[in-house]
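Below you'll find the structure, written out as structure tokens, and then a few comments.
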Amino acid sequence: MKTYLVTGGAGFIGSNFIHYMFEKYDKDIRIINVDALTYAGNLENLKEVSSRDNYTFVKADICDKDAISKIFEENDIDHVVHFAAESHVDRSIRNPEVFVQTNVLGTAVMLNCAKASWELEGGGFKEGKKFLHVSTDEVYGSLPEDGGYFYETSPYEPHSPYSASKASSDMLVKAYMDTYKFPANITNCSNNYGPYQFPEKLIPLIINNALNGKKLPVYGDGKNVRDWLYVRDHAKAIDMVIQKGRLFETYNVGGHNEKQNIEIVNIILETLQEMLPDSDPRKANVTKDLITYVEDRKGHDRRYAIAPDKIKAEVGWEPETMFKEGIRLTIKWYFEHEDWMKNVTSGDYQNYYRTMYEAS
Ligand code: NAD
Ligand code: DAU
């Protein structure tokens, strides 16, 4: 039985990954989830798995060397799946330091503890170990509007404090692979959407605001392009890279699904109109009049697009969920989890929202 140490498993992608893995492997794996439970971490995301014998939650900060090495001392970890990070670009523009702390120093602690636990006395590493570092396409910077893709060989050119911190963490992983032949892979993925996403990110923010008749803030001219991937497809890609990815390689993961932000907002409005019954009073709120163009994000990357050719050729993964289907599944999930949304938007979220969008 393989033991997975998942960091940041109480967040959006981490919790979807844990659900995916238990659905696929059931009792044949063990998962230890280590998460500091920042504003983005929510144990409600994992309530269906929390009573499993083969699941353990440890509340700890990945920067806490003692706590992390204790986990490695007490468990024979086969695979680390490293999601834990500060993940929101807008927050990084306002408060960069915590991004360096968690994303860079936290990754260094994770690498060091895994290395210490996995290395053999005579050199090399125990068989079958792997560290999967979950990263982002934002490390590659921005593409021109009229073409081009990010490849694994594209130069790193991060622009935001968030992407600079993720690029730094990728470089640390690469340095461990080059220097020590540390058994790792890096995956650089495009924008995810789906269940359990915190409503600071575009898609859940627009769904929640539209249902509440609130303005829909679109940055700049609304024509920035992102390549959207349904989160379950990302979870599958990570599992497949752990199983089949060649050690020391980087794999780009993307949805073949480029859309301008304004297109996303319009699709959400149209899909909400289709899905809400006529008897639902919220249906009348859901109109294009809510769209409000606001000040652009500082240093806003114009376009991201992944060519997931390498992961398809080497690992056999490709995106499966078409956006039309994925957005319906996502909206359905938010309809069915109104309490989840109420809980995460109470308290601190209100302060964040006021400060972030006060001018709009
Ligand atoms: P998220 O913000 O939803 O979740 C992050 C999780 O990490 C939370 O549970 C939080 O409590 C935990 N965490 C934060 N700081 C921690 C610390 N110091 N110690 C322990 N736990 C800590 O993020 P997400 O959107 O699920 O992203 C997960 C990973 O995937 C990140 O590394 C991110 O860079 C990467 N990624 C995200 C996307 C996306 O579209 N969301 C796309 C590509 C890559
Ligand atoms: O590309 C992968 C990255 O995708 C991940 O590494 C990040 O962790 C994740 O947050 C995401 O970053 P983005 O900045 O692309 O996602 P976000 O949802 O914040 O914004 C998507 C686009 O929508 C972006 O062009 C900014 C715009 N936007 C966002 C918000 C929150 C708006 O126009 N209005 C908004 O209110």
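Here, A, B, ... name the chains of the structure tokens in the order displayed, residue numbers run from 1 inside each chain, and ligands are numbered from 1 in the same displayed order.
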Item to complete: Set the cut-off to 6 Å, count only C-alpha atoms and all ligand atoms, and list whatever residues fall near ligand 2 as number ranges by chain.
Response: A: 87-89, 136-138, 190-191, 200-202, 217-219, 224, 261
Please, which residues have at least one atom within 6 Å of an atom of ligand 1, using only C-alpha atoms and all ligand atoms, listed as a PDB file with all heavy atoms, in the first residue's frame?
ATOM      1  N   GLY A   8      -1.409  20.902   1.657  1.00  0.00           N
ATOM      2  CA  GLY A   8      -2.457  21.800   1.157  1.00  0.00           C
ATOM      3  C   GLY A   8      -3.698  21.063   0.695  1.00  0.00           C
ATOM      4  O   GLY A   8      -4.441  21.549  -0.157  1.00  0.00           O
ATOM      5  N   GLY A   9      -3.944  19.898   1.300  1.00  0.00           N
ATOM      6  CA  GLY A   9      -5.085  19.074   0.882  1.00  0.00           C
ATOM      7  C   GLY A   9      -6.442  19.629   1.287  1.00  0.00           C
ATOM      8  O   GLY A   9      -7.466  19.128   0.821  1.00  0.00           O
ATOM      9  N   ALA A  10      -6.454  20.674   2.115  1.00  0.00           N
ATOM     10  CA  ALA A  10      -7.749  21.257   2.497  1.00  0.00           C
ATOM     11  C   ALA A  10      -8.129  22.415   1.581  1.00  0.00           C
ATOM     12  O   ALA A  10      -9.169  23.051   1.761  1.00  0.00           O
ATOM     13  CB  ALA A  10      -7.702  21.723   3.956  1.00  0.00           C
ATOM     14  N   GLY A  11      -7.285  22.706   0.600  1.00  0.00           N
ATOM     15  CA  GLY A  11      -7.594  23.773  -0.355  1.00  0.00           C
ATOM     16  C   GLY A  11      -8.390  23.239  -1.536  1.00  0.00           C
ATOM     17  O   GLY A  11      -8.874  22.100  -1.531  1.00  0.00           O
ATOM     18  N   PHE A  12      -8.483  24.061  -2.562  1.00  0.00           N
ATOM     19  CA  PHE A  12      -9.327  23.736  -3.722  1.00  0.00           C
ATOM     20  C   PHE A  12      -8.831  22.490  -4.480  1.00  0.00           C
ATOM     21  O   PHE A  12      -9.504  21.442  -4.500  1.00  0.00           O
ATOM     22  CB  PHE A  12      -9.369  24.976  -4.621  1.00  0.00           C
ATOM     23  CG  PHE A  12      -9.837  24.762  -6.025  1.00  0.00           C
ATOM     24  CD1 PHE A  12     -11.010  24.047  -6.305  1.00  0.00           C
ATOM     25  CD2 PHE A  12      -9.119  25.299  -7.103  1.00  0.00           C
ATOM     26  CE1 PHE A  12     -11.440  23.866  -7.622  1.00  0.00           C
ATOM     27  CE2 PHE A  12      -9.542  25.130  -8.410  1.00  0.00           C
ATOM     28  CZ  PHE A  12     -10.696  24.403  -8.669  1.00  0.00           C
ATOM     29  N   ILE A  13      -7.645  22.547  -5.044  1.00  0.00           N
ATOM     30  CA  ILE A  13      -7.196  21.423  -5.877  1.00  0.00           C
ATOM     31  C   ILE A  13      -6.824  20.233  -4.996  1.00  0.00           C
ATOM     32  O   ILE A  13      -7.120  19.081  -5.323  1.00  0.00           O
ATOM     33  CB  ILE A  13      -6.014  21.816  -6.792  1.00  0.00           C
ATOM     34  CG1 ILE A  13      -6.367  23.075  -7.595  1.00  0.00           C
ATOM     35  CG2 ILE A  13      -5.672  20.673  -7.752  1.00  0.00           C
ATOM     36  CD1 ILE A  13      -5.231  23.599  -8.457  1.00  0.00           C
ATOM     37  N   GLY A  14      -6.200  20.518  -3.848  1.00  0.00           N
ATOM     38  CA  GLY A  14      -5.790  19.439  -2.944  1.00  0.00           C
ATOM     39  C   GLY A  14      -6.969  18.591  -2.498  1.00  0.00           C
ATOM     40  O   GLY A  14      -6.895  17.348  -2.495  1.00  0.00           O
ATOM     41  N   ASP A  35      -1.869  20.471   6.389  1.00  0.00           N
ATOM     42  CA  ASP A  35      -2.382  21.768   5.936  1.00  0.00           C
ATOM     43  C   ASP A  35      -2.397  22.707   7.146  1.00  0.00           C
ATOM     44  O   ASP A  35      -2.759  22.292   8.249  1.00  0.00           O
ATOM     45  CB  ASP A  35      -3.808  21.590   5.371  1.00  0.00           C
ATOM     46  CG  ASP A  35      -4.242  22.775   4.520  1.00  0.00           C
ATOM     47  OD1 ASP A  35      -4.300  23.915   5.066  1.00  0.00           O
ATOM     48  OD2 ASP A  35      -4.534  22.589   3.335  1.00  0.00           O
ATOM     49  N   ALA A  36      -2.019  23.961   6.913  1.00  0.00           N
ATOM     50  CA  ALA A  36      -2.009  24.947   8.009  1.00  0.00           C
ATOM     51  C   ALA A  36      -3.394  25.549   8.230  1.00  0.00           C
ATOM     52  O   ALA A  36      -3.591  26.301   9.182  1.00  0.00           O
ATOM     53  CB  ALA A  36      -1.013  26.053   7.686  1.00  0.00           C
ATOM     54  N   LEU A  37      -4.341  25.256   7.343  1.00  0.00           N
ATOM     55  CA  LEU A  37      -5.684  25.833   7.409  1.00  0.00           C
ATOM     56  C   LEU A  37      -5.630  27.356   7.450  1.00  0.00           C
ATOM     57  O   LEU A  37      -6.086  27.995   8.395  1.00  0.00           O
ATOM     58  CB  LEU A  37      -6.480  25.270   8.601  1.00  0.00           C
ATOM     59  CG  LEU A  37      -6.714  23.764   8.570  1.00  0.00           C
ATOM     60  CD1 LEU A  37      -7.563  23.327   9.769  1.00  0.00           C
ATOM     61  CD2 LEU A  37      -7.417  23.327   7.280  1.00  0.00           C
ATOM     62  N   THR A  38      -5.053  27.944   6.407  1.00  0.00           N
ATOM     63  CA  THR A  38      -5.113  29.397   6.225  1.00  0.00           C
ATOM     64  C   THR A  38      -6.549  29.730   5.814  1.00  0.00           C
ATOM     65  O   THR A  38      -7.406  28.843   5.752  1.00  0.00           O
ATOM     66  CB  THR A  38      -4.163  29.839   5.090  1.00  0.00           C
ATOM     67  OG1 THR A  38      -4.685  29.329   3.848  1.00  0.00           O
ATOM     68  CG2 THR A  38      -2.746  29.326   5.315  1.00  0.00           C
ATOM     69  N   ALA A  40      -7.665  29.876   3.063  1.00  0.00           N
ATOM     70  CA  ALA A  40      -8.032  29.081   1.881  1.00  0.00           C
ATOM     71  C   ALA A  40      -8.246  27.608   2.202  1.00  0.00           C
ATOM     72  O   ALA A  40      -8.732  26.855   1.356  1.00  0.00           O
ATOM     73  CB  ALA A  40      -6.946  29.207   0.813  1.00  0.00           C
ATOM     74  N   GLY A  41      -7.876  27.187   3.385  1.00  0.00           N
ATOM     75  CA  GLY A  41      -8.002  25.770   3.748  1.00  0.00           C
ATOM     76  C   GLY A  41      -9.293  25.545   4.526  1.00  0.00           C
ATOM     77  O   GLY A  41      -9.634  26.339   5.405  1.00  0.00           O
ATOM     78  N   ALA A  60      -0.486  21.575  10.297  1.00  0.00           N
ATOM     79  CA  ALA A  60       0.883  22.080  10.463  1.00  0.00           C
ATOM     80  C   ALA A  60       1.231  23.001   9.300  1.00  0.00           C
ATOM     81  O   ALA A  60       0.660  22.899   8.208  1.00  0.00           O
ATOM     82  CB  ALA A  60       1.879  20.916  10.507  1.00  0.00           C
ATOM     83  N   ASP A  61       2.182  23.880   9.572  1.00  0.00           N
ATOM     84  CA  ASP A  61       2.694  24.805   8.561  1.00  0.00           C
ATOM     85  C   ASP A  61       3.863  24.107   7.853  1.00  0.00           C
ATOM     86  O   ASP A  61       4.744  23.550   8.527  1.00  0.00           O
ATOM     87  CB  ASP A  61       3.178  26.066   9.289  1.00  0.00           C
ATOM     88  CG  ASP A  61       3.521  27.196   8.348  1.00  0.00           C
ATOM     89  OD1 ASP A  61       4.076  26.925   7.265  1.00  0.00           O
ATOM     90  OD2 ASP A  61       3.235  28.349   8.694  1.00  0.00           O
ATOM     91  N   ILE A  62       3.898  24.168   6.535  1.00  0.00           N
ATOM     92  CA  ILE A  62       5.003  23.500   5.820  1.00  0.00           C
ATOM     93  C   ILE A  62       6.354  24.178   6.098  1.00  0.00           C
ATOM     94  O   ILE A  62       7.396  23.609   5.788  1.00  0.00           O
ATOM     95  CB  ILE A  62       4.767  23.397   4.285  1.00  0.00           C
ATOM     96  CG1 ILE A  62       4.445  24.760   3.674  1.00  0.00           C
ATOM     97  CG2 ILE A  62       3.689  22.363   3.971  1.00  0.00           C
ATOM     98  CD1 ILE A  62       4.574  24.788   2.159  1.00  0.00           C
ATOM     99  N   CYS A  63       6.328  25.374   6.662  1.00  0.00           N
ATOM    100  CA  CYS A  63       7.598  26.040   7.025  1.00  0.00           C
ATOM    101  C   CYS A  63       8.132  25.520   8.359  1.00  0.00           C
ATOM    102  O   CYS A  63       9.265  25.851   8.740  1.00  0.00           O
ATOM    103  CB  CYS A  63       7.398  27.551   7.120  1.00  0.00           C
ATOM    104  SG  CYS A  63       6.810  28.271   5.589  1.00  0.00           S
ATOM    105  N   PHE A  83       0.922  20.584  -2.871  1.00  0.00           N
ATOM    106  CA  PHE A  83       0.016  21.650  -3.324  1.00  0.00           C
ATOM    107  C   PHE A  83       0.151  22.920  -2.482  1.00  0.00           C
ATOM    108  O   PHE A  83      -0.162  24.003  -2.974  1.00  0.00           O
ATOM    109  CB  PHE A  83      -1.459  21.224  -3.165  1.00  0.00           C
ATOM    110  CG  PHE A  83      -1.916  20.100  -4.029  1.00  0.00           C
ATOM    111  CD1 PHE A  83      -2.021  18.814  -3.529  1.00  0.00           C
ATOM    112  CD2 PHE A  83      -2.301  20.329  -5.349  1.00  0.00           C
ATOM    113  CE1 PHE A  83      -2.492  17.767  -4.310  1.00  0.00           C
ATOM    114  CE2 PHE A  83      -2.763  19.293  -6.146  1.00  0.00           C
ATOM    115  CZ  PHE A  83      -2.859  18.009  -5.623  1.00  0.00           C
ATOM    116  N   ALA A  84       0.505  22.768  -1.188  1.00  0.00           N
ATOM    117  CA  ALA A  84       0.373  23.901  -0.253  1.00  0.00           C
ATOM    118  C   ALA A  84       1.079  25.135  -0.785  1.00  0.00           C
ATOM    119  O   ALA A  84       2.256  25.094  -1.135  1.00  0.00           O
ATOM    120  CB  ALA A  84       0.936  23.515   1.110  1.00  0.00           C
ATOM    121  N   ALA A  85       0.336  26.219  -0.843  1.00  0.00           N
ATOM    122  CA  ALA A  85       0.902  27.476  -1.347  1.00  0.00           C
ATOM    123  C   ALA A  85      -0.095  28.590  -1.065  1.00  0.00           C
ATOM    124  O   ALA A  85      -1.275  28.346  -0.842  1.00  0.00           O
ATOM    125  CB  ALA A  85       1.141  27.379  -2.859  1.00  0.00           C
ATOM    126  N   GLU A  86       0.413  29.806  -1.088  1.00  0.00           N
ATOM    127  CA  GLU A  86      -0.467  30.961  -1.256  1.00  0.00           C
ATOM    128  C   GLU A  86      -0.724  31.036  -2.748  1.00  0.00           C
ATOM    129  O   GLU A  86       0.227  31.021  -3.540  1.00  0.00           O
ATOM    130  CB  GLU A  86       0.224  32.235  -0.756  1.00  0.00           C
ATOM    131  CG  GLU A  86       0.354  32.316   0.747  1.00  0.00           C
ATOM    132  CD  GLU A  86      -0.982  32.489   1.458  1.00  0.00           C
ATOM    133  OE1 GLU A  86      -1.920  33.045   0.844  1.00  0.00           O
ATOM    134  OE2 GLU A  86      -1.100  32.075   2.621  1.00  0.00           O
ATOM    135  N   SER A  87      -2.008  31.103  -3.150  1.00  0.00           N
ATOM    136  CA  SER A  87      -2.308  30.856  -4.564  1.00  0.00           C
ATOM    137  C   SER A  87      -2.960  32.021  -5.318  1.00  0.00           C
ATOM    138  O   SER A  87      -3.166  31.916  -6.519  1.00  0.00           O
ATOM    139  CB  SER A  87      -3.235  29.633  -4.672  1.00  0.00           C
ATOM    140  OG  SER A  87      -4.505  29.954  -4.139  1.00  0.00           O
ATOM    141  N   THR A 102       5.738  30.979   2.344  1.00  0.00           N
ATOM    142  CA  THR A 102       5.114  29.656   2.145  1.00  0.00           C
ATOM    143  C   THR A 102       5.613  28.977   0.875  1.00  0.00           C
ATOM    144  O   THR A 102       6.010  27.812   0.902  1.00  0.00           O
ATOM    145  CB  THR A 102       3.574  29.795   2.091  1.00  0.00           C
ATOM    146  OG1 THR A 102       3.129  30.141   3.399  1.00  0.00           O
ATOM    147  CG2 THR A 102       2.907  28.507   1.644  1.00  0.00           C
ATOM    148  N   VAL A 134       3.507  20.624  -7.472  1.00  0.00           N
ATOM    149  CA  VAL A 134       2.390  21.147  -8.273  1.00  0.00           C
ATOM    150  C   VAL A 134       2.626  22.638  -8.523  1.00  0.00           C
ATOM    151  O   VAL A 134       2.617  23.436  -7.596  1.00  0.00           O
ATOM    152  CB  VAL A 134       1.053  20.944  -7.540  1.00  0.00           C
ATOM    153  CG1 VAL A 134      -0.099  21.464  -8.387  1.00  0.00           C
ATOM    154  CG2 VAL A 134       0.847  19.470  -7.201  1.00  0.00           C
ATOM    155  N   SER A 135       2.825  22.977  -9.785  1.00  0.00           N
ATOM    156  CA  SER A 135       3.093  24.387 -10.090  1.00  0.00           C
ATOM    157  C   SER A 135       2.155  24.902 -11.183  1.00  0.00           C
ATOM    158  O   SER A 135       1.169  24.250 -11.527  1.00  0.00           O
ATOM    159  CB  SER A 135       4.567  24.583 -10.437  1.00  0.00           C
ATOM    160  OG  SER A 135       4.854  25.964 -10.448  1.00  0.00           O
ATOM    161  N   THR A 136       2.495  26.057 -11.686  1.00  0.00           N
ATOM    162  CA  THR A 136       1.556  26.820 -12.504  1.00  0.00           C
ATOM    163  C   THR A 136       2.167  27.247 -13.839  1.00  0.00           C
ATOM    164  O   THR A 136       3.392  27.400 -13.943  1.00  0.00           O
ATOM    165  CB  THR A 136       1.138  28.081 -11.715  1.00  0.00           C
ATOM    166  OG1 THR A 136       0.415  28.958 -12.558  1.00  0.00           O
ATOM    167  CG2 THR A 136       2.353  28.847 -11.187  1.00  0.00           C
ATOM    168  N   CYS A 189       0.458  23.720 -14.418  1.00  0.00           N
ATOM    169  CA  CYS A 189      -0.928  23.617 -14.916  1.00  0.00           C
ATOM    170  C   CYS A 189      -1.542  24.992 -15.161  1.00  0.00           C
ATOM    171  O   CYS A 189      -1.165  25.982 -14.547  1.00  0.00           O
ATOM    172  CB  CYS A 189      -1.757  22.841 -13.878  1.00  0.00           C
ATOM    173  SG  CYS A 189      -3.399  22.449 -14.463  1.00  0.00           S
ATOM    174  N   SER A 190      -2.521  24.992 -16.051  1.00  0.00           N
ATOM    175  CA  SER A 190      -3.269  26.219 -16.347  1.00  0.00           C
ATOM    176  C   SER A 190      -4.390  26.406 -15.317  1.00  0.00           C
ATOM    177  O   SER A 190      -4.504  25.642 -14.367  1.00  0.00           O
ATOM    178  CB  SER A 190      -3.831  26.131 -17.761  1.00  0.00           C
ATOM    179  OG  SER A 190      -4.725  25.028 -17.834  1.00  0.00           O
ATOM    180  N   ASN A 191      -5.243  27.410 -15.550  1.00  0.00           N
ATOM    181  CA  ASN A 191      -6.306  27.757 -14.578  1.00  0.00           C
ATOM    182  C   ASN A 191      -7.293  26.621 -14.357  1.00  0.00           C
ATOM    183  O   ASN A 191      -7.882  26.114 -15.316  1.00  0.00           O
ATOM    184  CB  ASN A 191      -7.116  28.951 -15.095  1.00  0.00           C
ATOM    185  CG  ASN A 191      -6.351  30.242 -14.979  1.00  0.00           C
ATOM    186  OD1 ASN A 191      -5.305  30.395 -15.586  1.00  0.00           O
ATOM    187  ND2 ASN A 191      -6.872  31.166 -14.204  1.00  0.00           N
ATOM    188  N   ASN A 192      -7.512  26.274 -13.106  1.00  0.00           N
ATOM    189  CA  ASN A 192      -8.484  25.241 -12.738  1.00  0.00           C
ATOM    190  C   ASN A 192      -9.815  25.871 -12.337  1.00  0.00           C
ATOM    191  O   ASN A 192      -9.841  26.998 -11.842  1.00  0.00           O
ATOM    192  CB  ASN A 192      -8.000  24.461 -11.512  1.00  0.00           C
ATOM    193  CG  ASN A 192      -6.894  23.472 -11.801  1.00  0.00           C
ATOM    194  OD1 ASN A 192      -6.811  22.443 -11.175  1.00  0.00           O
ATOM    195  ND2 ASN A 192      -6.014  23.767 -12.750  1.00  0.00           N
TER     196      ASN A 192
END
Item to complete: Excluding segment 163-173 of chain A and any residue of its chain fewer than 3 positions from it, enumerate the residues within 6 Å of it, using only C-alpha atoms, and give them as a list in words.
Response: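 Returned residues: Val100, Asn103, Val104, Glu138, Val139, Pro158, Ser160 and Tyr176 of chain A.
Atom CA of Ile238 of chain A lies 21.1 Å from atom CA of Ala175 of chain A.
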May I have the residues within 10 Å of Ser15 of chain A as a tab-separated table (two decimals) with all heavy atoms, in the first residue's frame, using only C-alpha atoms and disregarding those fewer than 4 positions away in the same chain?
chain	number	residue	atom	x	y	z
A	6	VAL	N	0.12	14.52	1.25
A	6	VAL	CA	-0.43	15.61	0.44
A	6	VAL	C	-0.31	16.89	1.26
A	6	VAL	O	-0.78	16.93	2.40
A	6	VAL	CB	-1.91	15.32	0.10
A	6	VAL	CG1	-2.55	16.51	-0.61
A	6	VAL	CG2	-2.02	14.07	-0.77
A	8	GLY	N	-1.41	20.90	1.66
A	8	GLY	CA	-2.46	21.80	1.16
A	8	GLY	C	-3.70	21.06	0.70
A	8	GLY	O	-4.44	21.55	-0.16
A	9	GLY	N	-3.94	19.90	1.30
A	9	GLY	CA	-5.09	19.07	0.88
A	9	GLY	C	-6.44	19.63	1.29
A	9	GLY	O	-7.47	19.13	0.82
A	10	ALA	N	-6.45	20.67	2.12
A	10	ALA	CA	-7.75	21.26	2.50
A	10	ALA	C	-8.13	22.42	1.58
A	10	ALA	O	-9.17	23.05	1.76
A	10	ALA	CB	-7.70	21.72	3.96
A	11	GLY	N	-7.28	22.71	0.60
A	11	GLY	CA	-7.59	23.77	-0.35
A	11	GLY	C	-8.39	23.24	-1.54
A	11	GLY	O	-8.87	22.10	-1.53
A	19	HIS	N	-10.25	13.52	-2.94
A	19	HIS	CA	-11.50	12.83	-3.31
A	19	HIS	C	-11.27	11.90	-4.51
A	19	HIS	O	-11.72	10.75	-4.52
A	19	HIS	CB	-12.61	13.83	-3.65
A	19	HIS	CG	-13.19	14.51	-2.44
A	19	HIS	ND1	-13.89	13.83	-1.48
A	19	HIS	CD2	-13.14	15.79	-2.02
A	19	HIS	CE1	-14.27	14.67	-0.53
A	19	HIS	NE2	-13.82	15.87	-0.83
A	20	TYR	N	-10.57	12.42	-5.51
A	20	TYR	CA	-10.31	11.62	-6.72
A	20	TYR	C	-9.55	10.34	-6.35
A	20	TYR	O	-9.89	9.24	-6.81
A	20	TYR	CB	-9.50	12.46	-7.73
A	20	TYR	CG	-9.07	11.67	-8.94
A	20	TYR	CD1	-9.94	11.51	-10.01
A	20	TYR	CD2	-7.82	11.06	-8.99
A	20	TYR	CE1	-9.57	10.75	-11.12
A	20	TYR	CE2	-7.44	10.31	-10.09
A	20	TYR	CZ	-8.32	10.15	-11.15
A	20	TYR	OH	-7.94	9.40	-12.24
A	21	MET	N	-8.52	10.49	-5.52
A	21	MET	CA	-7.67	9.34	-5.18
A	21	MET	C	-8.44	8.29	-4.39
A	21	MET	O	-8.29	7.09	-4.64
A	21	MET	CB	-6.44	9.82	-4.40
A	21	MET	CG	-5.49	10.67	-5.21
A	21	MET	SD	-4.76	9.78	-6.61
A	21	MET	CE	-3.45	8.88	-5.76
A	33	ASN	N	-2.73	14.20	5.07
A	33	ASN	CA	-2.92	15.55	4.55
A	33	ASN	C	-2.37	16.55	5.56
A	33	ASN	O	-2.86	16.62	6.69
A	33	ASN	CB	-4.44	15.76	4.33
A	33	ASN	CG	-4.80	17.20	4.01
A	33	ASN	OD1	-3.96	17.99	3.59
A	33	ASN	ND2	-6.08	17.54	4.20
A	41	GLY	N	-7.88	27.19	3.39
A	41	GLY	CA	-8.00	25.77	3.75
A	41	GLY	C	-9.29	25.55	4.53
A	41	GLY	O	-9.63	26.34	5.40
A	42	ASN	N	-10.00	24.48	4.20
A	42	ASN	CA	-11.32	24.28	4.79
A	42	ASN	C	-11.57	22.79	4.96
A	42	ASN	O	-11.72	22.07	3.96
A	42	ASN	CB	-12.34	24.91	3.83
A	42	ASN	CG	-13.75	24.91	4.37
A	42	ASN	OD1	-14.01	24.31	5.42
A	42	ASN	ND2	-14.64	25.57	3.67
A	43	LEU	N	-11.66	22.34	6.20
A	43	LEU	CA	-11.85	20.90	6.42
A	43	LEU	C	-13.23	20.42	5.99
A	43	LEU	O	-13.44	19.22	5.79
A	43	LEU	CB	-11.58	20.54	7.88
A	43	LEU	CG	-10.10	20.60	8.29
A	43	LEU	CD1	-9.92	20.21	9.75
A	43	LEU	CD2	-9.23	19.69	7.39
A	44	GLU	N	-14.15	21.37	5.81
A	44	GLU	CA	-15.47	20.99	5.29
A	44	GLU	C	-15.33	20.35	3.90
A	44	GLU	O	-16.16	19.53	3.51
A	44	GLU	CB	-16.31	22.26	5.16
A	44	GLU	CG	-17.72	22.12	5.73
A	44	GLU	CD	-18.49	23.40	5.53
A	44	GLU	OE1	-18.06	24.45	6.04
A	44	GLU	OE2	-19.53	23.34	4.83
A	45	ASN	N	-14.28	20.72	3.17
A	45	ASN	CA	-14.05	20.15	1.83
A	45	ASN	C	-13.81	18.65	1.89
A	45	ASN	O	-13.87	17.97	0.87
A	45	ASN	CB	-12.82	20.79	1.17
A	45	ASN	CG	-12.96	22.28	0.96
A	45	ASN	OD1	-13.99	22.85	1.31
A	45	ASN	ND2	-11.94	22.92	0.42
A	46	LEU	N	-13.45	18.16	3.09
A	46	LEU	CA	-13.01	16.76	3.21
A	46	LEU	C	-13.87	15.96	4.16
A	46	LEU	O	-13.47	14.88	4.61
A	46	LEU	CB	-11.55	16.74	3.68
A	46	LEU	CG	-10.57	17.31	2.65
A	46	LEU	CD1	-9.27	17.72	3.33
A	46	LEU	CD2	-10.32	16.30	1.54
A	49	VAL	N	-14.40	12.20	3.69
A	49	VAL	CA	-13.29	11.24	3.82
A	49	VAL	C	-12.69	11.23	5.23
A	49	VAL	O	-11.85	10.39	5.55
A	49	VAL	CB	-12.15	11.52	2.80
A	49	VAL	CG1	-12.68	11.53	1.38
A	49	VAL	CG2	-11.41	12.82	3.10
A	83	PHE	N	0.92	20.58	-2.87
A	83	PHE	CA	0.02	21.65	-3.32
A	83	PHE	C	0.15	22.92	-2.48
A	83	PHE	O	-0.16	24.00	-2.97
A	83	PHE	CB	-1.46	21.22	-3.17
A	83	PHE	CG	-1.92	20.10	-4.03
A	83	PHE	CD1	-2.02	18.81	-3.53
A	83	PHE	CD2	-2.30	20.33	-5.35
A	83	PHE	CE1	-2.49	17.77	-4.31
A	83	PHE	CE2	-2.76	19.29	-6.15
A	83	PHE	CZ	-2.86	18.01	-5.62
A	195	PRO	N	-15.61	22.30	-8.21
A	195	PRO	CA	-16.09	22.35	-6.83
A	195	PRO	C	-15.02	22.80	-5.84
A	195	PRO	O	-13.84	22.55	-6.06
A	195	PRO	CB	-16.48	20.89	-6.54
A	195	PRO	CG	-16.74	20.30	-7.87
A	195	PRO	CD	-15.82	20.99	-8.82
A	196	TYR	N	-15.44	23.40	-4.76
A	196	TYR	CA	-14.58	23.81	-3.62
A	196	TYR	C	-13.62	24.94	-3.93
A	196	TYR	O	-12.65	25.15	-3.20
A	196	TYR	CB	-13.74	22.62	-3.08
A	196	TYR	CG	-14.52	21.39	-2.66
A	196	TYR	CD1	-14.44	20.22	-3.41
A	196	TYR	CD2	-15.30	21.39	-1.50
A	196	TYR	CE1	-15.14	19.07	-3.02
A	196	TYR	CE2	-15.99	20.26	-1.10
A	196	TYR	CZ	-15.90	19.10	-1.87
A	196	TYR	OH	-16.57	17.97	-1.49
A	197	GLN	N	-13.83	25.68	-5.04
A	197	GLN	CA	-12.90	26.79	-5.30
A	197	GLN	C	-13.33	28.02	-4.52
A	197	GLN	O	-14.50	28.42	-4.54
A	197	GLN	CB	-12.81	27.11	-6.80
A	197	GLN	CG	-11.66	28.08	-7.10
A	197	GLN	CD	-11.34	28.20	-8.57
A	197	GLN	OE1	-12.20	28.02	-9.43
A	197	GLN	NE2	-10.09	28.54	-8.88
A	235	ALA	N	-6.55	16.56	-11.30
A	235	ALA	CA	-6.27	15.51	-10.30
A	235	ALA	C	-5.81	14.23	-11.01
A	235	ALA	O	-4.84	13.58	-10.60
A	235	ALA	CB	-7.51	15.25	-9.46
Practice prompt. Give the strand (DSSP E) residues of segment 98-205 of chain A, as DSSP finds them on the backbone, and put them as number ranges by chain.
Written response: A: 130-136, 184-189, 192-193
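Omitting Arg328 of chain A and its sequence neighbours fewer than 4 positions away, and counting only C-alpha atoms, the residues within 8 Å are Thr271, Lys324 and Lys332 of chain A.
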Practice prompt. Mind giving me the straight-line distance from atom CA of Tyr230 of chain A to atom CA of Gly141 of chain A in Å, one decimal?
Written response: 21.8 Å
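Minimum atom-to-atom distance to Asp78 of chain A, evaluated using only C-alpha atoms, belongs to A:Tyr4 out of A:Tyr39, A:Tyr4, A:Tyr25, A:Tyr156.
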Worksheet item: Separation of atom CA of Arg30 of chain A and atom CA of Lys244 of chain A, in Å?
Response: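 Distance between the two atoms: 19.3 Å.
Nearest residue to Asn212 of chain A, choosing from A:Lys312, A:Lys283, A:His337, A:Lys298 and counting only C-alpha atoms: A:Lys283.
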Worksheet item: When DSSP works through the backbone of this structure, what residues of segment 190-309 of chain A end up as alpha helix (DSSP H), shown as a PyMOL selection string?
Response: chain A and resi 202-211+231-244+261-275+309
Worksheet entry | Near-Gly316 of chain A list (10 Å; only C-alpha atoms; drop same-chain fewer than 2 positions) as an NGL selection string | :A and (237 or 240-241 or 244-245 or 309-314 or 318)
